[in-house]
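Everything on this sheet refers to the single structure shown next.
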Amino acid sequence: MPPSPPRISARAVILRDNRLLLVNAYAAADSTLWCAPGGGVETGRSIPDNLAREVYEETGLRVSVGPPCLINEFHDPQSGFHQIDLFFRCKVTEGVLDDAWQDPEKTVDRRRWVTKDDMRSLRVKPDSLADIAWR
């Protein structure tokens with residue numbers, strides 16, 4: 001069987017008051033991995049439209065999607081999982097974070113604004129996210 005094509009994902013780099021928005025990467029309560037909000041790109045919609053939809057689903061925030069700022073590739077040859085993440089600078093246009101917000105896909109259940117110093121004590125992927133966010 002031929003390998004599956006890489007999954008394309010769009011992610012938002014959102015800074016507000018010198019804090020970066022992060023969400024949990026996995027739904028497991030014991031997961032310590034954090035990432036920028038976003039997710040898989042659906043066929044038939046533009047990448048910015050997909051990203052705005054994903055950010056809203058995961059956080060309840062409406063965003064304007066700006067320029068790309070990072071491309072990250074993850075490939076696990078053992079499992080065959082291969083993902084290309086496209087990161088875009090975004091700005092919140094509406095909404096506030098609310099712990100009661102429910103991600104319809106039930107993947108994201110934790111979201112937080114973090115400082116660059118906070119990120120030193122967190123497990124965040126990709127490793128270059130802090131440098132890109134505050135560049």
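Ligands are numbered from 1 in the order shown, residues from 1 within each chain, and chains are lettered A, B, ... in the order they appear in the structure tokens.
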>> Taking the DSSP secondary structure from the backbone, can you list the residues of chain A that are alpha helix (DSSP H), as a PyMOL selection string?
In response: chain A and resi 47-59+116-119+129-133
>> Need the shell around Asp99 in chain A: protein/DNA/RNA residues with any atom at most 9 Å away, counting only C-alpha atoms. Skip same-chain ones fewer than 4 positions apart. Format as a VMD selection string?
In response: chain A and resid 109 to 111
>> DSSP on the backbone: which residues in chain A end up as strand (DSSP E or B)? Give the answer as an NGL selection string.
In response: :A and (7-16 or 19-24 or 33-35 or 38-40 or 62-76 or 81-94 or 111-114 or 123-124)
> Contacts of Ile71 in chain A at 8 Å or less, counting only C-alpha atoms, minus same-chain residues fewer than 2 places along, as JSON, numbers by chain?
Replying inline: {"A": [69, 73, 84, 85, 86, 87]}
Residue selection dump (N, CA, C and O atoms) as a tab-separated table (two decimals), in the first residue's frame:
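Wrote selection35.tsv, looks like this:
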chain	number	residue	atom	x	y	z
A	69	CYS	N	4.66	32.78	8.93
A	69	CYS	CA	5.89	33.07	9.66
A	69	CYS	C	6.75	31.84	9.94
A	69	CYS	O	7.89	31.98	10.38
A	73	GLU	N	7.82	20.74	9.72
A	73	GLU	CA	7.48	19.40	9.23
A	73	GLU	C	7.73	18.39	10.34
A	73	GLU	O	8.76	18.44	11.02
A	84	ILE	N	2.72	18.64	7.80
A	84	ILE	CA	3.36	19.91	7.51
A	84	ILE	C	2.48	20.99	8.13
A	84	ILE	O	1.30	21.11	7.80
A	85	ASP	N	3.06	21.74	9.07
A	85	ASP	CA	2.34	22.82	9.76
A	85	ASP	C	2.75	24.15	9.14
A	85	ASP	O	3.95	24.46	9.06
A	86	LEU	N	1.76	24.93	8.74
A	86	LEU	CA	1.97	26.28	8.23
A	86	LEU	C	1.50	27.26	9.30
A	86	LEU	O	0.33	27.25	9.68
A	87	PHE	N	2.40	28.07	9.82
A	87	PHE	CA	2.09	29.01	10.90
A	87	PHE	C	1.90	30.41	10.32
A	87	PHE	O	2.68	30.85	9.48
>> Just want the 9 Å neighbourhood of Asp103 in chain A, counted on only C-alpha atoms, with same-chain residues fewer than 3 positions away dropped. Output as JSON, numbers by chain.
In response: {"A": [56, 57, 58, 59, 60, 106, 107, 108, 109]}
For N, CA, C and O atoms, I'd like the residues from the last selection saved as an mmCIF file, in the first residue's frame.
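Output below, filename part08.cif:
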data_model
loop_
_atom_site.group_PDB
_atom_site.id
_atom_site.type_symbol
_atom_site.label_atom_id
_atom_site.label_comp_id
_atom_site.auth_asym_id
_atom_site.auth_seq_id
_atom_site.Cartn_x
_atom_site.Cartn_y
_atom_site.Cartn_z
ATOM 1 N N TYR A 56 -11.335 29.382 16.013
ATOM 2 C CA TYR A 56 -12.639 29.598 16.654
ATOM 3 C C TYR A 56 -13.111 28.321 17.357
ATOM 4 O O TYR A 56 -13.553 28.364 18.509
ATOM 5 N N GLU A 57 -13.014 27.178 16.688
ATOM 6 C CA GLU A 57 -13.466 25.920 17.301
ATOM 7 C C GLU A 57 -12.701 25.622 18.586
ATOM 8 O O GLU A 57 -13.281 25.159 19.561
ATOM 9 N N GLU A 58 -11.393 25.872 18.584
ATOM 10 C CA GLU A 58 -10.571 25.503 19.732
ATOM 11 C C GLU A 58 -10.584 26.525 20.864
ATOM 12 O O GLU A 58 -10.326 26.157 22.016
ATOM 13 N N THR A 59 -10.879 27.798 20.531
ATOM 14 C CA THR A 59 -10.734 28.844 21.549
ATOM 15 C C THR A 59 -11.955 29.741 21.717
ATOM 16 O O THR A 59 -12.040 30.452 22.719
ATOM 17 N N GLY A 60 -12.838 29.794 20.733
ATOM 18 C CA GLY A 60 -13.954 30.732 20.769
ATOM 19 C C GLY A 60 -13.562 32.122 20.314
ATOM 20 O O GLY A 60 -14.371 33.047 20.372
ATOM 21 N N LYS A 106 -13.582 18.108 20.698
ATOM 22 C CA LYS A 106 -13.167 17.660 22.036
ATOM 23 C C LYS A 106 -11.675 17.309 22.120
ATOM 24 O O LYS A 106 -11.272 16.447 22.898
ATOM 25 N N THR A 107 -10.866 17.972 21.304
ATOM 26 C CA THR A 107 -9.417 17.793 21.379
ATOM 27 C C THR A 107 -8.816 18.804 22.327
ATOM 28 O O THR A 107 -8.057 18.460 23.223
ATOM 29 N N VAL A 108 -9.170 20.073 22.136
ATOM 30 C CA VAL A 108 -8.626 21.142 22.981
ATOM 31 C C VAL A 108 -9.561 21.381 24.152
ATOM 32 O O VAL A 108 -10.733 21.688 23.975
ATOM 33 N N ASP A 109 -9.021 21.205 25.355
ATOM 34 C CA ASP A 109 -9.806 21.513 26.556
ATOM 35 C C ASP A 109 -9.036 22.415 27.514
ATOM 36 O O ASP A 109 -9.508 22.751 28.582
#
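Near Lys116 in chain A, within 8 Å and counting only C-alpha atoms, sit Arg19, Leu20, Arg120, Ala130 and Trp134 of chain A; same-chain residues fewer than 4 positions away were not included.
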> With only C-alpha atoms as the atoms that count, which of A:Gly39, A:Pro48, A:Gly66, A:Gly95 lies nearest to Ile14 in chain A?
Replying inline: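 Closest residue, counting only C-alpha atoms: A:Gly66.
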>> Can you tell me which residues surround Arg16 in chain A at a distance of at most 9 Å, considering only C-alpha atoms, apart from same-chain residues fewer than 5 positions away, and format the answer as a ChimeraX atom specification?
In response: /A:21,91-92,113
> Of the residues A:Asn24, A:Ser121, A:Ser128, A:Gln83, which is the one nearest to Pro6 in chain A, using only C-alpha atoms?
Replying inline: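 The closest residue to Pro6 in chain A is A:Gln83.
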